[in-house]
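Q: Supplied structure: entry.csv, CSV, C-alpha atoms.
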chain,number,residue,atom,x,y,z
M,1,MET,CA,-10.0,38.7,-20.3
M,2,ARG,CA,-13.8,38.9,-20.0
M,3,TYR,CA,-14.4,37.7,-23.5
M,4,TYR,CA,-12.0,34.8,-23.1
M,5,LEU,CA,-13.7,33.9,-19.8
M,6,ILE,CA,-17.1,33.9,-21.5
M,7,LEU,CA,-15.6,31.5,-24.1
M,8,LEU,CA,-14.2,29.2,-21.5
M,9,LEU,CA,-17.5,29.1,-19.5
M,10,ALA,CA,-19.3,28.2,-22.7
M,11,GLU,CA,-16.8,25.4,-23.4
M,12,GLY,CA,-17.0,24.2,-19.9
M,13,PHE,CA,-20.8,24.1,-20.0
M,14,ILE,CA,-20.7,22.0,-23.2
M,15,SER,CA,-18.1,19.7,-21.7
M,16,LEU,CA,-20.2,18.9,-18.7
M,17,THR,CA,-23.5,18.5,-20.6
M,18,MET,CA,-22.1,16.6,-23.5
M,19,GLN,CA,-19.5,14.4,-21.8
M,20,HIS,CA,-21.6,11.2,-22.4
M,21,VAL,CA,-22.3,12.1,-26.0
M,22,ILE,CA,-18.9,13.3,-27.3
M,23,ASP,CA,-15.5,12.2,-26.1
M,24,ARG,CA,-14.2,15.0,-23.8
M,25,GLU,CA,-10.6,14.6,-25.0
M,26,VAL,CA,-11.8,15.3,-28.6
M,27,LEU,CA,-13.8,18.3,-27.2
M,28,ALA,CA,-10.7,19.6,-25.4
M,29,LEU,CA,-8.7,19.5,-28.6
M,30,ILE,CA,-11.4,21.3,-30.5
M,31,TYR,CA,-11.5,24.0,-27.7
M,32,ILE,CA,-7.7,24.5,-28.1
M,33,ALA,CA,-8.2,25.1,-31.8
M,34,LEU,CA,-11.0,27.6,-31.1
M,35,ASN,CA,-9.1,29.3,-28.4
M,36,VAL,CA,-6.0,29.7,-30.6
M,37,LEU,CA,-8.2,31.3,-33.3
M,38,PHE,CA,-9.7,33.6,-30.6
M,39,PHE,CA,-6.2,34.8,-29.6
M,40,ILE,CA,-5.1,35.4,-33.1
M,41,PHE,CA,-8.2,37.5,-33.8
M,42,HIS,CA,-7.7,39.3,-30.5
M,43,PHE,CA,-4.0,40.0,-31.4
M,44,TYR,CA,-5.0,41.3,-34.8
M,45,LYS,CA,-7.5,43.8,-33.2
M,46,LYS,CA,-5.0,45.1,-30.5
M,47,SER,CA,-1.8,45.2,-32.6
M,48,ASP,CA,-0.4,48.6,-33.8
M,49,ASP,CA,1.2,47.1,-36.9
M,50,LYS,CA,2.1,43.8,-38.6
M,51,VAL,CA,5.4,43.4,-36.7
M,52,MET,CA,3.6,43.6,-33.3
M,53,PHE,CA,1.0,41.1,-34.6
M,54,MET,CA,3.7,38.7,-35.6
M,55,ILE,CA,5.5,39.0,-32.2
M,56,LEU,CA,2.3,38.0,-30.5
M,57,VAL,CA,1.3,35.2,-32.9
M,58,GLY,CA,4.9,34.0,-32.9
M,59,GLY,CA,4.9,33.8,-29.1
M,60,LEU,CA,1.6,31.8,-29.2
M,61,MET,CA,2.9,29.4,-31.9
M,62,LEU,CA,6.2,28.9,-30.0
M,63,ARG,CA,4.2,27.7,-27.0
M,64,MET,CA,1.9,25.5,-29.1
M,65,ALA,CA,5.0,23.9,-30.6
M,66,ALA,CA,6.3,23.4,-27.1
M,67,LEU,CA,3.0,21.8,-26.1
M,68,TYR,CA,3.3,19.4,-29.1
M,69,TYR,CA,7.0,18.6,-28.3
M,70,ASP,CA,6.2,18.0,-24.6
M,71,ARG,CA,3.3,15.6,-25.2
M,72,THR,CA,4.9,13.6,-28.1
M,73,VAL,CA,8.7,13.7,-27.6
M,74,ALA,CA,9.9,14.6,-24.1
M,75,TRP,CA,9.2,16.8,-21.1
M,76,LEU,CA,10.7,20.2,-21.3
M,77,PRO,CA,12.8,21.7,-18.5
M,78,PHE,CA,10.9,22.6,-15.3
M,79,ASN,CA,8.0,20.4,-16.4
M,80,THR,CA,9.4,17.6,-14.3
M,81,THR,CA,9.0,16.7,-10.6
M,82,ASP,CA,6.9,19.5,-9.2
M,83,ALA,CA,4.8,19.8,-12.4
M,84,GLN,CA,4.0,16.0,-12.4
M,85,SER,CA,3.0,16.2,-8.7
M,86,PHE,CA,0.6,19.0,-9.5
M,87,GLN,CA,-0.8,16.8,-12.4
M,88,LYS,CA,-1.2,13.8,-10.1
M,89,LEU,CA,-2.9,15.7,-7.3
M,90,ALA,CA,-5.2,17.6,-9.7
M,91,VAL,CA,-6.3,14.3,-11.2
M,92,GLU,CA,-7.0,13.0,-7.7
M,93,THR,CA,-9.0,16.1,-6.9
M,94,ALA,CA,-11.0,15.8,-10.2
M,95,GLU,CA,-11.9,12.2,-9.4
M,96,ALA,CA,-13.1,13.1,-5.9
M,97,LEU,CA,-15.4,15.8,-7.2
M,98,PRO,CA,-18.2,16.8,-6.9
M,99,GLY,CA,-18.5,15.1,-3.5
M,100,THR,CA,-15.1,16.3,-2.1
M,101,LEU,CA,-12.6,19.0,-2.8
M,102,LEU,CA,-9.4,17.5,-1.8
M,103,GLU,CA,-6.7,19.5,0.0
M,104,HIS,CA,-3.1,18.7,-0.7
M,105,PHE,CA,0.2,20.2,0.4
M,106,THR,CA,0.4,22.0,-2.9
M,107,GLY,CA,-2.7,23.9,-2.0
M,108,PHE,CA,-4.8,26.2,-4.1
M,109,TYR,CA,-3.3,25.5,-7.6
M,110,SER,CA,-3.9,21.7,-7.5
M,111,GLN,CA,-7.4,22.3,-6.3
M,112,VAL,CA,-8.1,24.9,-9.1
M,113,LEU,CA,-6.6,22.5,-11.7
M,114,GLY,CA,-8.6,19.7,-10.3
M,115,VAL,CA,-11.9,21.6,-10.7
M,116,ILE,CA,-10.8,22.4,-14.3
M,117,TYR,CA,-10.0,18.8,-15.0
M,118,TYR,CA,-13.4,17.8,-13.5
M,119,ILE,CA,-15.1,20.1,-16.1
M,120,PHE,CA,-12.9,19.5,-19.1
M,121,GLY,CA,-11.3,16.1,-18.4
M,122,PRO,CA,-8.0,15.2,-16.7
M,123,TYR,CA,-5.8,16.0,-19.7
M,124,GLN,CA,-2.4,17.4,-19.0
M,125,PHE,CA,-2.2,19.1,-22.4
M,126,TRP,CA,-5.3,21.1,-21.3
M,127,GLY,CA,-3.6,22.3,-18.1
M,128,HIS,CA,-0.6,23.4,-20.2
M,129,PHE,CA,-2.8,25.2,-22.6
M,130,LEU,CA,-4.5,27.2,-19.9
M,131,ASN,CA,-1.0,28.3,-18.7
M,132,ILE,CA,-0.3,29.4,-22.3
M,133,SER,CA,-3.5,31.3,-22.2
M,134,PHE,CA,-2.6,33.1,-19.0
M,135,ILE,CA,0.8,34.2,-20.6
M,136,MET,CA,-0.9,35.5,-23.7
M,137,LEU,CA,-3.6,37.3,-21.7
M,138,ALA,CA,-0.8,38.9,-19.7
M,139,ALA,CA,0.9,40.0,-23.0
M,140,THR,CA,-2.3,41.8,-24.1
M,141,LYS,CA,-2.6,43.4,-20.6
M,142,LEU,CA,1.1,44.6,-21.0
M,143,MET,CA,0.0,46.2,-24.2
M,144,ASP,CA,-2.7,48.1,-22.2
M,145,ILE,CA,0.0,49.1,-19.7
M,146,ALA,CA,2.2,50.3,-22.6
M,147,ASP,CA,-0.7,52.5,-23.9
M,148,LEU,CA,-1.4,53.8,-20.4
M,149,ILE,CA,2.2,55.0,-19.8
M,150,ALA,CA,2.6,56.1,-23.4
M,151,LEU,CA,5.4,53.8,-24.5
M,152,THR,CA,6.5,54.3,-28.1
M,153,VAL,CA,5.6,51.6,-30.5
M,154,LYS,CA,9.3,50.5,-30.6
M,155,ASN,CA,9.5,50.1,-26.9
M,156,LYS,CA,6.1,48.4,-26.8
M,157,LYS,CA,7.4,45.8,-29.2
M,158,LEU,CA,10.5,45.3,-27.2
M,159,MET,CA,8.5,44.8,-24.0
M,160,LEU,CA,6.3,42.2,-25.7
M,161,ALA,CA,9.3,40.4,-27.3
M,162,LEU,CA,11.1,40.2,-23.9
M,163,TRP,CA,7.9,38.9,-22.3
M,164,LEU,CA,7.2,36.3,-24.8
M,165,TYR,CA,10.7,35.1,-25.8
M,166,MET,CA,12.9,35.2,-22.8
M,167,PRO,CA,13.8,31.5,-22.4
M,168,ILE,CA,13.6,31.0,-18.6
M,169,PRO,CA,10.2,32.7,-18.1
M,170,PHE,CA,9.0,30.9,-21.2
M,171,LEU,CA,9.8,27.5,-19.8
M,172,MET,CA,8.5,28.3,-16.3
M,173,GLY,CA,5.3,29.8,-17.6
M,174,TYR,CA,4.7,26.8,-19.9
M,175,ALA,CA,5.4,24.1,-17.3
M,176,LEU,CA,2.4,22.8,-15.3
M,177,LEU,CA,3.3,25.1,-12.4
M,178,ARG,CA,1.6,28.0,-10.6
M,179,GLU,CA,3.8,30.6,-12.3
M,180,ALA,CA,1.7,31.5,-15.4
M,181,SER,CA,-1.4,32.3,-13.3
M,182,ILE,CA,0.7,34.3,-10.9
M,183,TYR,CA,2.3,36.3,-13.8
M,184,TYR,CA,-1.1,37.3,-15.1
M,185,PHE,CA,-2.3,38.5,-11.7
M,186,VAL,CA,0.9,40.5,-11.2
M,187,VAL,CA,0.5,42.2,-14.6
M,188,LEU,CA,-3.2,42.9,-13.9
M,189,SER,CA,-2.3,44.5,-10.5
M,190,ILE,CA,0.4,46.7,-12.2
M,191,TYR,CA,-2.1,47.9,-14.8
M,192,HIS,CA,-4.8,48.9,-12.3
M,193,PHE,CA,-2.3,50.5,-9.9
M,194,LEU,CA,-0.9,52.7,-12.7
M,195,LYS,CA,-4.4,53.4,-13.8
M,196,TRP,CA,-5.3,54.5,-10.3
M,197,THR,CA,-2.4,57.0,-10.4
M,198,LYS,CA,-3.9,58.5,-13.5
M,199,GLY,CA,-7.6,58.8,-12.5
M,200,TYR,CA,-7.5,58.0,-8.7
M,201,ARG,CA,-10.6,55.9,-8.9
M,202,PRO,CA,-10.8,53.7,-5.7
M,203,TRP,CA,-12.1,50.8,-7.8
M,204,ASP,CA,-8.7,50.6,-9.6
M,205,MET,CA,-6.8,50.3,-6.3
M,206,VAL,CA,-9.3,47.7,-5.1
M,207,ILE,CA,-8.7,45.6,-8.3
M,208,ALA,CA,-4.9,46.0,-8.0
M,209,ILE,CA,-4.9,44.7,-4.4
M,210,LEU,CA,-7.5,42.0,-5.2
M,211,ALA,CA,-5.4,40.7,-8.1
M,212,VAL,CA,-2.4,40.4,-5.7
M,213,ILE,CA,-4.6,38.6,-3.1
M,214,ILE,CA,-5.8,36.1,-5.7
M,215,GLY,CA,-2.2,35.6,-6.9
M,216,ALA,CA,-1.2,35.1,-3.2
M,217,LYS,CA,-3.6,32.2,-3.1
M,218,TYR,CA,-1.3,30.4,-5.4
M,219,HIS,CA,1.8,31.4,-3.4
M,220,ASP,CA,1.6,33.3,-0.1
M,221,GLY,CA,4.7,35.4,-0.6
M,222,LEU,CA,3.1,37.4,-3.4
M,223,ILE,CA,1.1,39.3,-0.8
M,224,ALA,CA,4.2,41.4,-0.2
M,225,ILE,CA,3.3,43.4,-3.4
M,226,ALA,CA,0.2,44.6,-1.8
M,227,VAL,CA,2.1,46.5,0.9
M,228,PRO,CA,3.6,49.2,-1.5
M,229,TYR,CA,0.2,49.6,-3.2
M,230,LEU,CA,-1.5,50.3,0.2
M,231,TYR,CA,1.4,52.7,1.1
M,232,ALA,CA,0.8,54.6,-2.2
M,233,PHE,CA,-2.9,54.6,-1.7
M,234,LEU,CA,-2.4,56.3,1.7
M,235,PHE,CA,0.4,58.7,0.9
M,236,TYR,CA,0.5,59.4,-2.9
M,237,SER,CA,-0.3,63.1,-3.4
M,238,ARG,CA,-2.6,63.7,-6.4
M,239,LYS,CA,-1.7,67.4,-6.6
M,240,ARG,CA,2.1,66.8,-6.4
M,241,GLN,CA,2.0,63.4,-8.0
M,242,LYS,CA,4.5,62.0,-5.6
M,243,ILE,CA,4.6,60.4,-2.1
M,244,LYS,CA,4.1,62.8,0.7
M,245,ILE,CA,6.9,62.5,3.3
M,246,ASN,CA,5.4,63.8,6.5
M,247,VAL,CA,5.2,62.9,10.2
M,248,LEU,CA,2.2,60.6,9.7
M,249,ASN,CA,4.1,58.8,6.9
M,250,ILE,CA,7.1,58.3,9.1
M,251,VAL,CA,5.0,57.1,12.0
M,252,CYS,CA,3.2,54.6,9.9
M,253,ILE,CA,6.5,53.2,8.5
M,254,ILE,CA,8.0,52.9,12.1
M,255,THR,CA,4.7,51.3,13.3
M,256,ALA,CA,4.8,48.7,10.5
M,257,LEU,CA,8.4,47.9,11.2
M,258,VAL,CA,7.7,47.4,14.9
M,259,LEU,CA,4.7,45.2,14.1
M,260,PHE,CA,6.8,43.2,11.7
M,261,LEU,CA,9.5,42.6,14.3
M,262,GLY,CA,6.9,41.6,16.7
M,263,PHE,CA,5.6,39.0,14.3
M,264,ILE,CA,9.1,37.7,13.6
M,265,GLY,CA,9.6,37.4,17.4
M,266,SER,CA,6.3,35.4,17.8
M,267,GLU,CA,5.9,31.6,17.6
M,268,GLU,CA,4.5,31.9,14.0
M,269,GLY,CA,7.4,34.1,13.1
M,270,GLN,CA,9.9,31.7,14.4
M,271,GLU,CA,8.5,29.0,12.2
M,272,TYR,CA,9.2,31.3,9.2
M,273,ILE,CA,12.7,32.0,10.4
M,274,GLU,CA,13.3,28.2,10.5
M,275,LYS,CA,12.7,28.1,6.8
M,276,THR,CA,15.7,30.3,6.2
M,277,ASN,CA,18.0,27.8,7.9
M,278,ALA,CA,17.5,24.6,6.0
M,279,GLU,CA,20.4,22.3,5.9
M,280,THR,CA,20.4,21.7,2.2
M,281,GLY,CA,19.4,23.5,-0.9
M,282,GLY,CA,20.6,21.3,-3.8
M,283,GLY,CA,23.7,21.6,-5.9
M,284,SER,CA,23.1,25.3,-6.5
M,285,SER,CA,22.6,26.2,-2.8
M,286,TYR,CA,24.0,29.5,-1.5
M,287,LEU,CA,24.5,31.3,1.8
M,288,THR,CA,24.4,27.9,3.6
M,289,SER,CA,26.5,29.4,6.5
M,290,LEU,CA,24.2,32.3,7.0
M,291,LYS,CA,22.1,31.3,10.0
M,292,VAL,CA,19.1,33.5,11.2
M,293,GLU,CA,17.8,33.0,14.8
M,294,THR,CA,16.6,36.5,16.0
M,295,PRO,CA,14.5,39.2,14.5
M,296,VAL,CA,17.5,41.5,14.3
M,297,GLU,CA,19.5,38.9,12.4
M,298,PHE,CA,16.4,38.4,10.2
M,299,LEU,CA,16.5,42.1,9.2
M,300,PHE,CA,20.2,42.1,8.4
M,301,ALA,CA,20.0,38.8,6.5
M,302,GLY,CA,17.0,39.8,4.4
M,303,PRO,CA,18.7,42.3,2.1
M,304,VAL,CA,21.5,39.9,1.5
M,305,LYS,CA,19.2,37.1,0.6
M,306,ALA,CA,17.0,39.5,-1.5
M,307,VAL,CA,20.1,40.4,-3.6
M,308,TYR,CA,20.9,36.7,-4.2
M,309,LEU,CA,17.4,36.0,-5.2
M,310,LEU,CA,17.2,38.8,-7.7
M,311,TYR,CA,20.6,38.3,-9.4
M,312,SER,CA,21.5,34.6,-9.0
M,313,PRO,CA,23.4,32.8,-10.2
M,314,MET,CA,26.1,35.1,-8.8
M,315,PRO,CA,29.3,35.1,-11.0
M,316,TRP,CA,31.4,33.5,-8.3
M,317,LEU,CA,28.8,30.6,-8.0
M,318,ILE,CA,28.5,29.8,-11.7
M,319,ARG,CA,28.9,26.0,-12.1
M,320,GLY,CA,28.8,25.5,-15.9
M,321,GLY,CA,27.2,26.3,-19.2
M,322,MET,CA,23.6,26.3,-17.9
M,323,ASP,CA,24.4,28.8,-15.2
M,324,ILE,CA,26.2,31.0,-17.8
M,325,LEU,CA,23.1,30.9,-20.0
M,326,THR,CA,20.8,31.7,-17.1
M,327,PHE,CA,23.0,34.6,-16.1
M,328,CYS,CA,23.1,36.0,-19.6
M,329,LEU,CA,19.4,35.4,-20.6
M,330,ASP,CA,17.7,36.0,-17.3
M,331,SER,CA,19.8,37.6,-14.6
M,332,SER,CA,21.0,40.2,-17.1
M,333,LEU,CA,17.4,41.7,-17.2
M,334,TRP,CA,17.5,42.4,-13.5
M,335,ILE,CA,21.1,43.7,-13.6
M,336,TYR,CA,20.3,46.1,-16.5
M,337,THR,CA,17.0,47.3,-14.9
M,338,THR,CA,18.9,48.0,-11.6
M,339,TYR,CA,21.6,49.9,-13.5
M,340,LEU,CA,19.0,52.0,-15.3
M,341,PHE,CA,17.1,52.8,-12.2
M,342,PHE,CA,20.0,54.0,-10.1
M,343,LYS,CA,21.6,55.9,-13.0
M,344,ASN,CA,18.3,57.8,-13.7
M,345,TYR,CA,16.9,57.7,-10.2
M,346,ARG,CA,16.0,61.4,-10.1
M,347,GLN,CA,14.1,61.1,-13.3
M,348,VAL,CA,12.0,58.2,-12.2
M,349,ASP,CA,8.4,59.2,-11.3
M,350,SER,CA,7.2,58.3,-7.8
M,351,ARG,CA,4.6,55.9,-9.1
M,352,TYR,CA,7.4,53.8,-10.7
M,353,ARG,CA,9.4,53.9,-7.5
M,354,ILE,CA,6.5,52.1,-5.9
M,355,LEU,CA,7.1,49.3,-8.4
M,356,VAL,CA,10.7,49.2,-7.2
M,357,LEU,CA,9.4,49.0,-3.6
M,358,CYS,CA,7.3,46.0,-4.7
M,359,ILE,CA,10.4,44.3,-6.1
M,360,VAL,CA,12.5,45.1,-2.9
M,361,ILE,CA,9.8,43.8,-0.5
M,362,GLY,CA,9.0,40.9,-2.7
M,363,GLY,CA,12.7,40.0,-3.0
M,364,PHE,CA,13.0,40.2,0.8
M,365,VAL,CA,10.0,37.9,1.5
M,366,TYR,CA,10.9,35.4,-1.2
M,367,GLY,CA,14.6,35.6,-0.6
M,368,MET,CA,14.4,34.7,3.1
M,369,GLY,CA,12.9,31.3,2.3
M,370,THR,CA,15.0,30.6,-0.8
M,371,LEU,CA,18.2,28.5,-0.5
M,372,ASN,CA,19.3,27.8,-4.1
M,373,THR,CA,19.6,29.4,-7.5
M,374,GLY,CA,16.9,27.3,-9.1
M,375,THR,CA,14.3,28.3,-6.6
M,376,ALA,CA,15.5,31.9,-6.7
M,377,ILE,CA,15.0,32.1,-10.4
M,378,ARG,CA,11.5,30.6,-10.1
M,379,HIS,CA,10.5,33.1,-7.4
M,380,ARG,CA,12.0,36.2,-8.9
M,381,ASN,CA,10.2,35.6,-12.2
M,382,LYS,CA,7.0,36.2,-10.3
M,383,LEU,CA,8.3,39.8,-9.9
M,384,MET,CA,9.5,40.1,-13.5
M,385,PRO,CA,6.5,42.1,-14.8
M,386,LEU,CA,7.4,44.8,-12.3
M,387,ALA,CA,11.0,44.9,-13.5
M,388,LEU,CA,10.0,44.8,-17.2
M,389,VAL,CA,7.6,47.8,-16.9
M,390,LEU,CA,10.1,49.8,-14.9
M,391,MET,CA,12.8,49.1,-17.4
M,392,MET,CA,10.7,50.1,-20.4
M,393,VAL,CA,9.4,53.3,-18.6
M,394,ILE,CA,13.0,54.5,-18.1
M,395,ARG,CA,14.1,53.5,-21.6
M,396,ASN,CA,11.1,55.4,-23.0
M,397,LYS,CA,11.9,58.5,-21.1
M,398,LEU,CA,15.6,58.4,-22.2
M,399,ASP,CA,14.5,57.9,-25.8
M,400,SER,CA,12.2,60.8,-25.6
M,401,GLU,CA,14.9,63.1,-24.1
M,402,LYS,CA,17.4,61.9,-26.8
M,403,GLY,CA,14.8,62.8,-29.5
M,404,GLU,CA,14.3,66.3,-28.0
M,405,ASN,CA,18.0,66.9,-27.9
M,406,LEU,CA,18.4,65.9,-31.6
M,407,ARG,CA,15.7,68.3,-32.5
Would you write the structure of this file as structure tokens?
A:
Amino acid sequence: MRYYLILLLAEGFISLTMQHVIDREVLALIYIALNVLFFIFHFYKKSDDKVMFMILVGGLMLRMAALYYDRTVAWLPFNTTDAQSFQKLAVETAEALPGTLLEHFTGFYSQVLGVIYYIFGPYQFWGHFLNISFIMLAATKLMDIADLIALTVKNKKLMLALWLYMPIPFLMGYALLREASIYYFVVLSIYHFLKWTKGYRPWDMVIAILAVIIGAKYHDGLIAIAVPYLYAFLFYSRKRQKIKINVLNIVCIITALVLFLGFIGSEEGQEYIEKTNAETGGGSSYLTSLKVETPVEFLFAGPVKAVYLLYSPMPWLIRGGMDILTFCLDSSLWIYTTYLFFKNYRQVDSRYRILVLCIVIGGFVYGMGTLNTGTAIRHRNKLMPLALVLMMVIRNKLDSEKGENLR
């Protein structure tokens, strides 16, 4: 990331200083070519073999083809209403700079994109390419996670292939939405959290939590992931390499629950509850009859809504071919990971159970404000790196045990 950041800063400096000499759109196209070459070289240096290199390059080229198709033929799915709103507001922000940094209902993302457009020019293809860059940087950070947790080369390739070629995350990460940036910061947080459980350097935990906080600037709900990290930081035993269950631990959990209920009962909490009771949620709406009015109802409704968020579209709510494809190509990952986790629960290390806790709390937070399948898919994919790492860890352990039995 640091080398790519240096490259972007250099390109930004040239764009600002040369904007009256060279057309900025031409410069942006040149930068894309240079950045693609940077990624290809980076992949070559990090890949274990040719197959892994081709997986990475193929993922990049697929997204570049999507960029060409989107700009010359037609908008891709998810790159429609919300994405075009972000584009419009980012352009407005860029035009108001440097005098004013506009604030819009879309918040942090449109402001960041507006600053980028001010530097490089208000070109939507550049916004898309930066999203592609975040996805590819996340892919290389997943490779670092794979090395950290000692995945086999086979499972490392599988993890990269799933990350780069699953259709729904691909479309959402490509569209001019906040998702790609959030995906990267979630992956970065996972890497430093797992690194902390190896060396126990406080700096790694600081970066893990800081990455979540930055991601939460794009969408507030992501802050839920920081709670399990803090819990692990307080109660993870270095000697036993597991969470210490003691009186202090239990008291902290009860205190946190009481404080949470207190918040839900407050005026600010009631505003959050109101978001769970919207009248409409589109054609794919679900649980429309489930009304939440009190903190206790909130606690009971949360798990139900979390389940719908993580596994939608539910089989009994499938409306047609698109829902079937989504169920097979997206929901199936969550179902399979859940199956693996519960089947092999005793064999799952405590550090990876913390990742499960991140998914559970994240599902609860995002689920309470989600009313339809489309939004559920979009929000749960913010948590997908957690599920992907968990799934690959369990598969790797099972493969290792199978190999030992054969020997």
Q: Work out how far apart CA of Asn131 in chain M and CA of Asp144 in chain M are and give it in Å to one decimal.
A: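 If I compute the distance from CA of Asn131 in chain M to CA of Asp144 in chain M, I get 20.2 Å.
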Q: For each of M:Ile119, M:Ile225, M:Leu8, M:Leu89, take the minimum atom-to-atom distance to Ser189 in chain M, counting all atoms listed in the file, then give the residue where this is smallest.
A: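 That would be M:Ile225, the residue with the smallest distance to Ser189 in chain M.
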Q: Please identify all polymer residues within 9 Å of range 299-303 of chain M, counting all atoms listed in the file, omitting same-chain residues fewer than 5 positions from it, and present them as a PDB file with C-alpha atoms, keeping the file's coordinate frame.
A:
ATOM      1  CA  LEU M 261       9.500  42.600  14.300  1.00  0.00           C
ATOM      2  CA  LEU M 290      24.200  32.300   7.000  1.00  0.00           C
ATOM      3  CA  LYS M 291      22.100  31.300  10.000  1.00  0.00           C
ATOM      4  CA  VAL M 292      19.100  33.500  11.200  1.00  0.00           C
ATOM      5  CA  THR M 294      16.600  36.500  16.000  1.00  0.00           C
ATOM      6  CA  TYR M 308      20.900  36.700  -4.200  1.00  0.00           C
ATOM      7  CA  VAL M 360      12.500  45.100  -2.900  1.00  0.00           C
ATOM      8  CA  GLY M 363      12.700  40.000  -3.000  1.00  0.00           C
ATOM      9  CA  PHE M 364      13.000  40.200   0.800  1.00  0.00           C
ATOM     10  CA  VAL M 365      10.000  37.900   1.500  1.00  0.00           C
ATOM     11  CA  GLY M 367      14.600  35.600  -0.600  1.00  0.00           C
ATOM     12  CA  MET M 368      14.400  34.700   3.100  1.00  0.00           C
TER      13      MET M 368
END
Q: Report the distance between CA of Phe108 in chain M and CA of Leu222 in chain M in Å, rounded to one decimal place.
A: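 Result for CA of Phe108 in chain M versus CA of Leu222 in chain M: 13.7 Å, one decimal.
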Q: Between M:Lys45, M:Lys217, M:Arg2, M:Lys305, which one has atoms that come closest to Val112 in chain M, using only C-alpha atoms?
A: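 Smallest separation from Val112 in chain M among the options: M:Lys217.
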Q: What is the CA of Ser15 in chain M-CA of Leu176 in chain M distance in Å, reported with one decimal?
A: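 That distance, rounded to one decimal, is 21.7 Å.
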Q: Would you mind telling me which residue in M:Glu293, M:Asp323, M:Glu95, M:Asp399 lies nearest to Gly114 in chain M when using all atoms listed in the file?
A: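 Of the candidates, the smallest distance to Gly114 in chain M is held by M:Glu95.
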Q: Do a neighbour search on Tyr336 in chain M at 12 Å with all atoms listed in the file, toss out local chain neighbours closer than 5 positions, and write the hits as a ChimeraX atom specification.
A: /M:310-311,327-331,341-343,387-388,390-392,394-395
Q: Env of range 62-67 of chain M: 8 Å cut, atoms = all atoms listed in the file, seq-sep filter 6 positions within chain, self excluded. Answer as a PyMOL selection string.
A: chain M and resi 76+125+128-129+132+174
Q: Could you turn the residues from that selection into a file that holds C-alpha atoms, as a PDB file, in the frame of the given file?
A:
ATOM      1  CA  LEU M  76      10.700  20.200 -21.300  1.00  0.00           C
ATOM      2  CA  PHE M 125      -2.200  19.100 -22.400  1.00  0.00           C
ATOM      3  CA  HIS M 128      -0.600  23.400 -20.200  1.00  0.00           C
ATOM      4  CA  PHE M 129      -2.800  25.200 -22.600  1.00  0.00           C
ATOM      5  CA  ILE M 132      -0.300  29.400 -22.300  1.00  0.00           C
ATOM      6  CA  TYR M 174       4.700  26.800 -19.900  1.00  0.00           C
TER       7      TYR M 174
END
Q: Calculated over only C-alpha atoms, which of the candidates M:Val36, M:Ala74, M:Ala146, M:Leu383 has the smallest distance to Gly362 in chain M?
A: M:Leu383
Q: Every residue with an atom at most 12 Å from (-0.5, 60.9, -6.6) (file coordinates; all atoms listed in the file) is what I'm after, so could you write them as a PyMOL selection string?
A: chain M and resi 193-201+229+231-244+349-352+354
Q: M:Thr17, M:Thr152, M:Ser133, M:Asn35: which is nearest Asp48 in chain M, counting all atoms listed in the file?
A: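 Of all the options, M:Thr152 lies closest to Asp48 in chain M.
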Q: Range 273-275 of chain M: which residues within 10 Å, counting all atoms listed in the file, same-chain residues fewer than 4 positions away excluded, as an MDAnalysis selection string?
A: chainID M and resid 264:265 267:269 279 291:295 297:298 368:371
Q: So, counting only C-alpha atoms, which residue among M:Leu7, M:His192, M:Ile135, M:Leu325 is closest to Trp163 in chain M?
A: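 Using only C-alpha atoms, Trp163 in chain M sits closest to M:Ile135.
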Q: Determine, counting all atoms listed in the file, which protein, DNA and RNA residues have an atom within 7 Å of an atom of range 25-32 of chain M; residues of the same chain fewer than 5 positions away are not included. Present the result as a PyMOL selection string.
A: chain M and resi 11+120-121+126
Q: Would you mind completing range 186-191 of chain M so that it carries N, CA, C and O atoms, and writing it out as a short mmCIF file (atom, residue, chain, number, x, y, z; two decimals), keeping the file's coordinate frame?
A:
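Printed below is out13.cif as written:
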data_model
loop_
_atom_site.label_atom_id
_atom_site.label_comp_id
_atom_site.auth_asym_id
_atom_site.auth_seq_id
_atom_site.Cartn_x
_atom_site.Cartn_y
_atom_site.Cartn_z
N VAL M 186 -0.09 39.44 -11.42
CA VAL M 186 0.90 40.50 -11.20
C VAL M 186 0.72 41.61 -12.22
O VAL M 186 0.67 42.81 -11.91
N VAL M 187 0.66 41.21 -13.48
CA VAL M 187 0.50 42.20 -14.60
C VAL M 187 -0.83 42.95 -14.40
O VAL M 187 -0.87 44.17 -14.57
N LEU M 188 -1.89 42.23 -14.06
CA LEU M 188 -3.20 42.90 -13.90
C LEU M 188 -3.12 43.90 -12.72
O LEU M 188 -3.66 45.00 -12.82
N SER M 189 -2.40 43.56 -11.65
CA SER M 189 -2.30 44.50 -10.50
C SER M 189 -1.51 45.74 -10.91
O SER M 189 -1.85 46.85 -10.51
N ILE M 190 -0.44 45.57 -11.70
CA ILE M 190 0.40 46.70 -12.20
C ILE M 190 -0.52 47.66 -12.99
O ILE M 190 -0.50 48.88 -12.82
N TYR M 191 -1.29 47.08 -13.91
CA TYR M 191 -2.10 47.90 -14.80
C TYR M 191 -3.11 48.75 -13.97
O TYR M 191 -3.22 49.97 -14.18
#
